[in-house]
Amino acid sequence: MQESNKFLRSIGIPHSALLSVIFGLMLLSFPIGMFVVFNSGIGGDINFEYPLYELDLFDNVPHSFHFDVTLGDAFTVLWIVYVIIFTIAIFGPRTTFFQTLSPILSNGKISFQSNYLVSITTWFSILILVSAIVTFTQEGFGIPTLPPPTDNDLIQFFYVTLAPLIEEIGFRALLIGVPVFMMYSHKFSIPHLFGSLWNPSRHLHIYDSKKAISLIVLVAMIFGFAHIATGEPWSEGKFAQASVSGIILGWLYVRFGLLSAILVHWGTNYFIFSYANFVSQINEISLDAAFYHPLLNTMEILFLISGVISAFMLILNYLTSKKNPKLEI
C-alpha cells in the first residue's frame, strides 16, 4: 500500500503538468481555429461567407427552408457552444480544474467526480494512446486506417467540428442514454429523463453494470460500422479504431455524463484539426503533410506519454481502492 502511494505521488507532478499543458493547448485551439476560418486560405475559392445550405449535409432540405446562414456563422455558433461546455468543465461540478490537480500532486489520487476537465484531459490522452495502438497493430497486418477523400479543407474542418455534438447526442445520449433510462429508472418524468440523459450515473442507480457495458459495446460497434459504411466512408481499418473509441466514449458518457463524452470527442476532432490546419496554412503545405510536422509530432508524443501515465495511475488508483474502499477514484 505504502509503495503504491509513493509511486502515485512520484508521478503526480509530471501527470499534473501534462494535464495542464493539454488544457492550455485545448484553450488555445479556439483562437487558432478562428484564425484558420477567418484569416487563412484554407477553403480556396470557398471561404467563411459560403452559404451553409450549399453543403451536402443539406441536400435533402427543401429550398423553401434555406436560411441566410454562412459557414462563418455556423462556426461561430459551434465555438460559442463549445466554449460554454468547456467553461462548465473548468469550473465544475464541484471544484475548478486547478483545484482538482492538488490531490494528484500531493498523493497521486485522481478525483474525476470533482472536476469534469480532469477526466476529459485524462481520458482524451488515453483514447489517443489506445487509438495509436490499434492503428499500429492493424497496419502491421496490412490494414490501413485512411480518412475519406475531401475536396475542401474548410468544409472538412466544419464537419469534424460539428461531429462531436451530433454523434455524441445520437450514439451516446439516444442509443445508450434512452435504453439505460428504461432499464434503470424507477419513475418517469421529463426532468428526470433529461437529467438521466445528461448524466446517467448521477440520476440513475445502475446496479447491474454488465447490461450497461454490453449496451456500450454494442453501440460502439454500430459507431465503428457507421464510419466505414455511411456517407464518405473511411478505409476498413477505421472500424476497429472507431469501435474502441466508441467504447471509451460510451463508458465516459455513462460514468461522467454527456459533457465529458462531447469534449473528449471534440478533442480528437476539432482540437487536433485546428492545429493541423493552422500548420498547413502557415507553412503552405497540404493537410496530410501537416500531420507529420514537428509541432503535430510533438503534440502526439505529449498525448501518448500522458496516456501511458494516466493509464498507470488509473490502474494503481483502482487497485488501491480495492484495498481501501473509502478511497475515491
# chains A, B, ... in the order shown; residues from 1 in each chain; ligands from 1
$ closest_atom_pairs --of "segment 48-159 of chain A" --to "segment 272-276 of chain A" --cutoff "12 Å" --atoms "only C-alpha atoms" --output "Markdown table"
| residue | atom | partner | partner_atom | distance |
| --- | --- | --- | --- | --- |
| A:Phe124 | CA | A:Ile272 | CA | 11.4 |
| A:Ile128 | CA | A:Ile272 | CA | 10.8 |
| A:Asp153 | CA | A:Phe273 | CA | 10.0 |
| A:Leu154 | CA | A:Ser274 | CA | 10.6 |
| A:Gln156 | CA | A:Phe273 | CA | 9.5 |
| A:Phe157 | CA | A:Phe273 | CA | 7.0 |
| A:Phe158 | CA | A:Phe273 | CA | 10.1 |
| A:Tyr159 | CA | A:Phe273 | CA | 10.9 |
$ residues_around --residues "segment 192-194 of chain A" --least-positions-apart "4" --cutoff "9 Å" --atoms "only C-alpha atoms" --output "JSON, numbers by chain"
{"A": [178, 181, 185, 187, 188, 198, 199, 203]}
$ write_last_selection --atoms "N, CA and C atoms" --output "JSON list (two decimals), in the first residue's frame"
[["chain", "number", "residue", "atom", "x", "y", "z"],
["A", 178, "VAL", "N", -31.11, 6.52, -23.59],
["A", 178, "VAL", "CA", -32.52, 6.15, -23.52],
["A", 178, "VAL", "C", -32.70, 4.71, -23.04],
["A", 181, "PHE", "N", -31.92, 4.50, -19.36],
["A", 181, "PHE", "CA", -33.02, 5.09, -18.57],
["A", 181, "PHE", "C", -34.17, 4.10, -18.43],
["A", 185, "SER", "N", -34.40, 3.27, -14.55],
["A", 185, "SER", "CA", -35.23, 4.28, -13.91],
["A", 185, "SER", "C", -36.47, 3.66, -13.28],
["A", 187, "LYS", "N", -38.94, 5.67, -12.11],
["A", 187, "LYS", "CA", -40.01, 6.66, -12.27],
["A", 187, "LYS", "C", -39.83, 7.35, -13.60],
["A", 188, "PHE", "N", -40.90, 7.99, -14.06],
["A", 188, "PHE", "CA", -40.81, 8.72, -15.32],
["A", 188, "PHE", "C", -41.31, 10.14, -15.13],
["A", 198, "TRP", "N", -28.42, 13.49, -19.56],
["A", 198, "TRP", "CA", -27.26, 14.37, -19.39],
["A", 198, "TRP", "C", -26.16, 13.67, -18.60],
["A", 199, "ASN", "N", -26.53, 12.97, -17.52],
["A", 199, "ASN", "CA", -25.54, 12.29, -16.69],
["A", 199, "ASN", "C", -26.19, 11.04, -16.08],
["A", 203, "HIS", "N", -28.05, 10.30, -12.00],
["A", 203, "HIS", "CA", -29.51, 10.29, -11.81],
["A", 203, "HIS", "C", -30.11, 8.89, -11.77]]
$ residues_around --residues "Ala163 of chain A" --least-positions-apart "5" --cutoff "12 Å" --atoms "only C-alpha atoms" --output "list in words"
Leu57, Leu78, Gln156, Phe157, Phe158, Glu168, Ile169, Gly170, Phe171, His227, Ile262, Leu263, Val264, His265, Trp266, Gly267, Thr268, Asn269 and Tyr270 of chain A
$ write_last_selection --atoms "N, CA and C atoms" --output "PDB file, in the first residue's frame"
ATOM      1  N   LEU A  57     -24.595  18.303 -46.623  1.00  0.00           N
ATOM      2  CA  LEU A  57     -25.376  17.974 -45.434  1.00  0.00           C
ATOM      3  C   LEU A  57     -26.836  18.379 -45.590  1.00  0.00           C
ATOM      4  N   LEU A  78     -20.945  27.179 -33.204  1.00  0.00           N
ATOM      5  CA  LEU A  78     -20.284  25.991 -32.643  1.00  0.00           C
ATOM      6  C   LEU A  78     -19.241  26.386 -31.609  1.00  0.00           C
ATOM      7  N   GLN A 156     -14.309  20.271 -44.647  1.00  0.00           N
ATOM      8  CA  GLN A 156     -13.948  19.143 -43.793  1.00  0.00           C
ATOM      9  C   GLN A 156     -13.778  19.598 -42.340  1.00  0.00           C
ATOM     10  N   PHE A 157     -13.152  20.757 -42.145  1.00  0.00           N
ATOM     11  CA  PHE A 157     -12.960  21.297 -40.798  1.00  0.00           C
ATOM     12  C   PHE A 157     -14.308  21.570 -40.125  1.00  0.00           C
ATOM     13  N   PHE A 158     -15.271  22.039 -40.907  1.00  0.00           N
ATOM     14  CA  PHE A 158     -16.608  22.274 -40.350  1.00  0.00           C
ATOM     15  C   PHE A 158     -17.258  20.968 -39.918  1.00  0.00           C
ATOM     16  N   GLU A 168     -22.346  12.436 -30.516  1.00  0.00           N
ATOM     17  CA  GLU A 168     -22.496  12.108 -29.090  1.00  0.00           C
ATOM     18  C   GLU A 168     -23.964  12.159 -28.654  1.00  0.00           C
ATOM     19  N   ILE A 169     -24.713  13.101 -29.186  1.00  0.00           N
ATOM     20  CA  ILE A 169     -26.145  13.136 -28.885  1.00  0.00           C
ATOM     21  C   ILE A 169     -26.827  11.908 -29.481  1.00  0.00           C
ATOM     22  N   GLY A 170     -26.440  11.550 -30.724  1.00  0.00           N
ATOM     23  CA  GLY A 170     -27.072  10.421 -31.396  1.00  0.00           C
ATOM     24  C   GLY A 170     -26.657   9.078 -30.839  1.00  0.00           C
ATOM     25  N   PHE A 171     -25.345   8.808 -30.822  1.00  0.00           N
ATOM     26  CA  PHE A 171     -24.859   7.490 -30.429  1.00  0.00           C
ATOM     27  C   PHE A 171     -24.843   7.287 -28.916  1.00  0.00           C
ATOM     28  N   HIS A 227     -18.742   4.487 -39.564  1.00  0.00           N
ATOM     29  CA  HIS A 227     -17.607   5.207 -40.143  1.00  0.00           C
ATOM     30  C   HIS A 227     -17.131   4.611 -41.463  1.00  0.00           C
ATOM     31  N   ILE A 262     -18.667  14.545 -25.060  1.00  0.00           N
ATOM     32  CA  ILE A 262     -18.611  15.537 -26.134  1.00  0.00           C
ATOM     33  C   ILE A 262     -17.217  16.151 -26.226  1.00  0.00           C
ATOM     34  N   LEU A 263     -16.651  16.550 -25.093  1.00  0.00           N
ATOM     35  CA  LEU A 263     -15.371  17.242 -25.128  1.00  0.00           C
ATOM     36  C   LEU A 263     -14.206  16.313 -25.462  1.00  0.00           C
ATOM     37  N   VAL A 264     -14.262  15.059 -25.049  1.00  0.00           N
ATOM     38  CA  VAL A 264     -13.212  14.122 -25.458  1.00  0.00           C
ATOM     39  C   VAL A 264     -13.289  13.899 -26.973  1.00  0.00           C
ATOM     40  N   HIS A 265     -14.500  13.756 -27.496  1.00  0.00           N
ATOM     41  CA  HIS A 265     -14.691  13.617 -28.947  1.00  0.00           C
ATOM     42  C   HIS A 265     -14.252  14.904 -29.647  1.00  0.00           C
ATOM     43  N   TRP A 266     -14.582  16.037 -29.084  1.00  0.00           N
ATOM     44  CA  TRP A 266     -14.149  17.340 -29.610  1.00  0.00           C
ATOM     45  C   TRP A 266     -12.629  17.404 -29.662  1.00  0.00           C
ATOM     46  N   GLY A 267     -11.971  16.821 -28.663  1.00  0.00           N
ATOM     47  CA  GLY A 267     -10.515  16.828 -28.636  1.00  0.00           C
ATOM     48  C   GLY A 267      -9.914  16.068 -29.798  1.00  0.00           C
ATOM     49  N   THR A 268     -10.492  14.912 -30.135  1.00  0.00           N
ATOM     50  CA  THR A 268      -9.962  14.110 -31.231  1.00  0.00           C
ATOM     51  C   THR A 268     -10.314  14.694 -32.593  1.00  0.00           C
ATOM     52  N   ASN A 269     -11.285  15.595 -32.641  1.00  0.00           N
ATOM     53  CA  ASN A 269     -11.715  16.194 -33.908  1.00  0.00           C
ATOM     54  C   ASN A 269     -11.228  17.632 -34.042  1.00  0.00           C
ATOM     55  N   TYR A 270     -11.961  18.562 -33.491  1.00  0.00           N
ATOM     56  CA  TYR A 270     -11.666  19.986 -33.684  1.00  0.00           C
ATOM     57  C   TYR A 270     -10.297  20.365 -33.136  1.00  0.00           C
TER      58      TYR A 270
END
$ select_by_dssp --residues "segment 182-258 of chain A" --states "alpha helix (DSSP H)" --output "ChimeraX atom specification"
/A:182-184,190-198,200-203,209-229,238-256,258
$ residues_around --residues "Asn277 of chain A" --least-positions-apart "6" --cutoff "8 Å" --atoms "only C-alpha atoms" --output "number ranges by chain"
A: 36, 42, 287, 290
$ closest_atom_pairs --of "segment 84-161 of chain A" --to "segment 247-260 of chain A" --cutoff "12 Å" --atoms "only C-alpha atoms" --output "CSV"
residue,atom,partner,partner_atom,distance
A:Ile84,CA,A:Leu259,CA,10.5
A:Ile85,CA,A:Leu259,CA,6.8
A:Phe86,CA,A:Leu259,CA,8.7
A:Thr87,CA,A:Leu259,CA,10.9
A:Ile88,CA,A:Leu259,CA,8.7
A:Ala89,CA,A:Leu259,CA,7.7
A:Ile90,CA,A:Ser260,CA,11.3
A:Gly92,CA,A:Leu259,CA,11.0
A:Pro93,CA,A:Phe256,CA,10.3
A:Ser111,CA,A:Phe256,CA,11.7
A:Phe112,CA,A:Phe256,CA,8.1
A:Gln113,CA,A:Phe256,CA,7.7
A:Ser114,CA,A:Phe256,CA,10.6
A:Asn115,CA,A:Phe256,CA,9.9
A:Tyr116,CA,A:Ser260,CA,6.5
A:Leu117,CA,A:Ser260,CA,7.6
A:Val118,CA,A:Ser260,CA,9.7
A:Ser119,CA,A:Ser260,CA,7.4
A:Ile120,CA,A:Ser260,CA,5.7
A:Thr121,CA,A:Ser260,CA,9.5
A:Thr122,CA,A:Ser260,CA,10.8
A:Trp123,CA,A:Ile248,CA,8.1
A:Phe124,CA,A:Ile248,CA,9.4
A:Ser125,CA,A:Ile248,CA,11.4
A:Ile126,CA,A:Ile248,CA,9.0
A:Leu127,CA,A:Ile248,CA,7.1
A:Ile128,CA,A:Ile248,CA,10.8
A:Leu129,CA,A:Ile248,CA,11.8
A:Val130,CA,A:Ile248,CA,9.6
A:Ser131,CA,A:Ile248,CA,10.5
$ write_last_selection --atoms "C-alpha atoms" --output "PDB file, in the first residue's frame"
ATOM      1  CA  ILE A  84     -19.844  27.180 -22.785  1.00  0.00           C
ATOM      2  CA  ILE A  85     -19.298  23.425 -22.372  1.00  0.00           C
ATOM      3  CA  PHE A  86     -15.557  23.962 -21.852  1.00  0.00           C
ATOM      4  CA  THR A  87     -16.219  26.619 -19.180  1.00  0.00           C
ATOM      5  CA  ILE A  88     -18.626  24.311 -17.334  1.00  0.00           C
ATOM      6  CA  ALA A  89     -15.919  21.634 -17.409  1.00  0.00           C
ATOM      7  CA  ILE A  90     -13.287  24.004 -15.993  1.00  0.00           C
ATOM      8  CA  GLY A  92     -17.441  22.022 -12.178  1.00  0.00           C
ATOM      9  CA  PRO A  93     -19.093  20.019 -10.963  1.00  0.00           C
ATOM     10  CA  SER A 111     -10.798  12.505  -8.310  1.00  0.00           C
ATOM     11  CA  PHE A 112     -12.853  12.571 -11.501  1.00  0.00           C
ATOM     12  CA  GLN A 113     -16.049  13.419  -9.641  1.00  0.00           C
ATOM     13  CA  SER A 114     -14.599  16.785  -8.545  1.00  0.00           C
ATOM     14  CA  ASN A 115     -13.891  18.251 -11.976  1.00  0.00           C
ATOM     15  CA  TYR A 116     -15.005  17.316 -15.479  1.00  0.00           C
ATOM     16  CA  LEU A 117     -11.910  18.621 -17.234  1.00  0.00           C
ATOM     17  CA  VAL A 118      -9.577  16.337 -15.261  1.00  0.00           C
ATOM     18  CA  SER A 119     -11.486  13.312 -16.549  1.00  0.00           C
ATOM     19  CA  ILE A 120     -11.645  14.834 -20.034  1.00  0.00           C
ATOM     20  CA  THR A 121      -7.906  15.555 -20.379  1.00  0.00           C
ATOM     21  CA  THR A 122      -7.002  12.212 -18.792  1.00  0.00           C
ATOM     22  CA  TRP A 123      -9.291  10.096 -20.963  1.00  0.00           C
ATOM     23  CA  PHE A 124      -8.532  12.114 -24.087  1.00  0.00           C
ATOM     24  CA  SER A 125      -4.868  11.132 -23.778  1.00  0.00           C
ATOM     25  CA  ILE A 126      -5.825   7.509 -23.043  1.00  0.00           C
ATOM     26  CA  LEU A 127      -8.086   7.443 -26.119  1.00  0.00           C
ATOM     27  CA  ILE A 128      -5.231   8.792 -28.279  1.00  0.00           C
ATOM     28  CA  LEU A 129      -2.926   6.104 -26.851  1.00  0.00           C
ATOM     29  CA  VAL A 130      -5.406   3.277 -27.462  1.00  0.00           C
ATOM     30  CA  SER A 131      -6.203   4.532 -30.982  1.00  0.00           C
TER      31      SER A 131
END
$ atom_distance --atom1 "atom CA of Pro233 of chain A" --atom2 "atom CA of Leu146 of chain A"
9.4 Å
$ atom_distance --atom1 "atom CA of Thr230 of chain A" --atom2 "atom CA of Ala261 of chain A"
22.0 Å
$ residues_around --residues "Ala17 of chain A" --least-positions-apart "5" --cutoff "10 Å" --atoms "only C-alpha atoms" --output "PDB file with C-alpha atoms, in the first residue's frame"
ATOM      1  CA  ILE A  11       4.281  10.649 -10.896  1.00  0.00           C
ATOM      2  CA  GLY A  12       1.665  13.113  -9.626  1.00  0.00           C
ATOM      3  CA  ILE A  22      -3.062  19.706 -22.668  1.00  0.00           C
ATOM      4  CA  PHE A  23      -5.580  22.048 -21.027  1.00  0.00           C
ATOM      5  CA  LEU A 101      -4.924  18.914  -9.578  1.00  0.00           C
ATOM      6  CA  LEU A 105       0.269  16.486  -6.885  1.00  0.00           C
ATOM      7  CA  SER A 306       0.184  11.459 -20.877  1.00  0.00           C
TER       8      SER A 306
END
$ atom_distance --atom1 "atom CA of Leu295 of chain A" --atom2 "atom CA of Val308 of chain A"
20.2 Å
$ select_by_dssp --residues "segment 4-242 of chain A" --states "strand (DSSP E or B)" --output "PyMOL selection string"
chain A and resi 51+70+93+115
$ write_last_selection --atoms "N, CA and C atoms" --output "mmCIF file, in the first residue's frame"
data_model
loop_
_atom_site.group_PDB
_atom_site.id
_atom_site.type_symbol
_atom_site.label_atom_id
_atom_site.label_comp_id
_atom_site.auth_asym_id
_atom_site.auth_seq_id
_atom_site.Cartn_x
_atom_site.Cartn_y
_atom_site.Cartn_z
ATOM 1 N N PRO A 51 -22.527 29.958 -48.347
ATOM 2 C CA PRO A 51 -23.851 29.652 -47.778
ATOM 3 C C PRO A 51 -23.880 28.236 -47.182
ATOM 4 N N THR A 70 -24.221 31.640 -43.144
ATOM 5 C CA THR A 70 -22.960 31.313 -43.792
ATOM 6 C C THR A 70 -22.174 30.292 -42.966
ATOM 7 N N PRO A 93 -17.848 19.699 -11.673
ATOM 8 C CA PRO A 93 -19.093 20.019 -10.963
ATOM 9 C C PRO A 93 -18.893 20.477 -9.523
ATOM 10 N N ASN A 115 -13.981 17.344 -10.838
ATOM 11 C CA ASN A 115 -13.891 18.251 -11.976
ATOM 12 C C ASN A 115 -13.955 17.481 -13.287
#
$ residues_around --residues "Glu49 of chain A" --least-positions-apart "6" --cutoff "12 Å" --atoms "only C-alpha atoms" --output "PyMOL selection string"
chain A and resi 37-38+43+68-75+154-155
$ decode --residues "segment 69-198 of chain A" --atoms "C-alpha atoms" --output "short mmCIF file (atom, residue, chain, number, x, y, z; two decimals), in the first residue's frame"
data_model
loop_
_atom_site.label_atom_id
_atom_site.label_comp_id
_atom_site.auth_asym_id
_atom_site.auth_seq_id
_atom_site.Cartn_x
_atom_site.Cartn_y
_atom_site.Cartn_z
CA VAL A 69 -26.62 31.49 -42.80
CA THR A 70 -22.96 31.31 -43.79
CA LEU A 71 -20.24 28.83 -42.89
CA GLY A 72 -18.67 31.51 -40.68
CA ASP A 73 -21.96 31.95 -38.80
CA ALA A 74 -22.15 28.21 -38.20
CA PHE A 75 -18.56 28.08 -36.93
CA THR A 76 -19.28 30.97 -34.57
CA VAL A 77 -22.31 29.18 -33.09
CA LEU A 78 -20.28 25.99 -32.64
CA TRP A 79 -17.45 27.89 -30.93
CA ILE A 80 -19.92 29.51 -28.53
CA VAL A 81 -21.45 26.12 -27.68
CA TYR A 82 -18.05 24.52 -27.09
CA VAL A 83 -16.79 27.48 -25.04
CA ILE A 84 -19.84 27.18 -22.79
CA ILE A 85 -19.30 23.42 -22.37
CA PHE A 86 -15.56 23.96 -21.85
CA THR A 87 -16.22 26.62 -19.18
CA ILE A 88 -18.63 24.31 -17.33
CA ALA A 89 -15.92 21.63 -17.41
CA ILE A 90 -13.29 24.00 -15.99
CA PHE A 91 -15.37 25.09 -13.00
CA GLY A 92 -17.44 22.02 -12.18
CA PRO A 93 -19.09 20.02 -10.96
CA ARG A 94 -17.50 20.56 -7.51
CA THR A 95 -14.13 22.29 -7.83
CA THR A 96 -12.13 24.04 -10.54
CA PHE A 97 -9.65 22.26 -12.79
CA PHE A 98 -6.55 23.50 -10.96
CA GLN A 99 -8.03 22.86 -7.51
CA THR A 100 -8.56 19.23 -8.52
CA LEU A 101 -4.92 18.91 -9.58
CA SER A 102 -3.83 19.42 -5.96
CA PRO A 103 -4.65 15.85 -4.78
CA ILE A 104 -2.82 14.49 -7.82
CA LEU A 105 0.27 16.49 -6.88
CA SER A 106 0.14 15.52 -3.19
CA ASN A 107 -0.84 11.84 -3.28
CA GLY A 108 -1.46 10.89 -6.91
CA LYS A 109 -5.19 10.40 -6.37
CA ILE A 110 -7.39 11.22 -9.36
CA SER A 111 -10.80 12.51 -8.31
CA PHE A 112 -12.85 12.57 -11.50
CA GLN A 113 -16.05 13.42 -9.64
CA SER A 114 -14.60 16.79 -8.54
CA ASN A 115 -13.89 18.25 -11.98
CA TYR A 116 -15.00 17.32 -15.48
CA LEU A 117 -11.91 18.62 -17.23
CA VAL A 118 -9.58 16.34 -15.26
CA SER A 119 -11.49 13.31 -16.55
CA ILE A 120 -11.65 14.83 -20.03
CA THR A 121 -7.91 15.56 -20.38
CA THR A 122 -7.00 12.21 -18.79
CA TRP A 123 -9.29 10.10 -20.96
CA PHE A 124 -8.53 12.11 -24.09
CA SER A 125 -4.87 11.13 -23.78
CA ILE A 126 -5.83 7.51 -23.04
CA LEU A 127 -8.09 7.44 -26.12
CA ILE A 128 -5.23 8.79 -28.28
CA LEU A 129 -2.93 6.10 -26.85
CA VAL A 130 -5.41 3.28 -27.46
CA SER A 131 -6.20 4.53 -30.98
CA ALA A 132 -2.49 4.67 -31.81
CA ILE A 133 -2.01 1.09 -30.56
CA VAL A 134 -4.97 -0.16 -32.63
CA THR A 135 -3.80 1.68 -35.75
CA PHE A 136 -0.19 0.50 -35.37
CA THR A 137 -1.31 -3.11 -34.84
CA GLN A 138 -3.64 -3.09 -37.84
CA GLU A 139 -1.05 -1.53 -40.12
CA GLY A 140 1.30 -4.34 -39.11
CA PHE A 141 -1.24 -6.71 -40.68
CA GLY A 142 -1.66 -4.52 -43.76
CA ILE A 143 -4.98 -2.96 -42.71
CA PRO A 144 -4.84 0.81 -43.34
CA THR A 145 -6.79 3.48 -41.48
CA LEU A 146 -7.28 6.20 -44.08
CA PRO A 147 -9.75 9.11 -43.95
CA PRO A 148 -12.25 9.70 -46.75
CA PRO A 149 -11.07 11.95 -49.60
CA THR A 150 -12.05 15.59 -49.26
CA ASP A 151 -12.40 18.30 -51.87
CA ASN A 152 -12.17 21.23 -49.48
CA ASP A 153 -10.30 21.52 -46.16
CA LEU A 154 -12.60 24.26 -44.82
CA ILE A 155 -15.71 22.14 -45.30
CA GLN A 156 -13.95 19.14 -43.79
CA PHE A 157 -12.96 21.30 -40.80
CA PHE A 158 -16.61 22.27 -40.35
CA TYR A 159 -17.76 18.66 -40.43
CA VAL A 160 -15.17 17.49 -37.88
CA THR A 161 -16.16 20.43 -35.66
CA LEU A 162 -19.86 19.59 -35.88
CA ALA A 163 -19.47 15.81 -35.49
CA PRO A 164 -18.83 15.63 -31.70
CA LEU A 165 -22.17 17.28 -30.94
CA ILE A 166 -24.21 15.31 -33.49
CA GLU A 167 -22.58 11.94 -32.89
CA GLU A 168 -22.50 12.11 -29.09
CA ILE A 169 -26.15 13.14 -28.89
CA GLY A 170 -27.07 10.42 -31.40
CA PHE A 171 -24.86 7.49 -30.43
CA ARG A 172 -24.45 8.15 -26.72
CA ALA A 173 -27.46 10.13 -25.42
CA LEU A 174 -30.06 8.40 -27.62
CA LEU A 175 -28.70 4.92 -28.32
CA ILE A 176 -27.21 4.44 -24.83
CA GLY A 177 -28.93 7.00 -22.62
CA VAL A 178 -32.52 6.15 -23.52
CA PRO A 179 -32.13 2.34 -23.09
CA VAL A 180 -30.21 2.85 -19.83
CA PHE A 181 -33.02 5.09 -18.57
CA MET A 182 -35.60 2.44 -19.47
CA MET A 183 -33.58 -0.29 -17.73
CA TYR A 184 -32.71 1.51 -14.50
CA SER A 185 -35.23 4.28 -13.91
CA HIS A 186 -37.98 3.58 -11.36
CA LYS A 187 -40.01 6.66 -12.27
CA PHE A 188 -40.81 8.72 -15.32
CA SER A 189 -40.84 12.48 -15.59
CA ILE A 190 -39.49 14.82 -18.24
CA PRO A 191 -36.94 16.48 -15.89
CA HIS A 192 -35.75 13.06 -14.68
CA LEU A 193 -35.43 11.82 -18.27
CA PHE A 194 -33.35 14.80 -19.40
CA GLY A 195 -31.26 14.65 -16.23
CA SER A 196 -30.56 10.98 -16.86
CA LEU A 197 -29.64 11.61 -20.49
CA TRP A 198 -27.26 14.37 -19.39
#
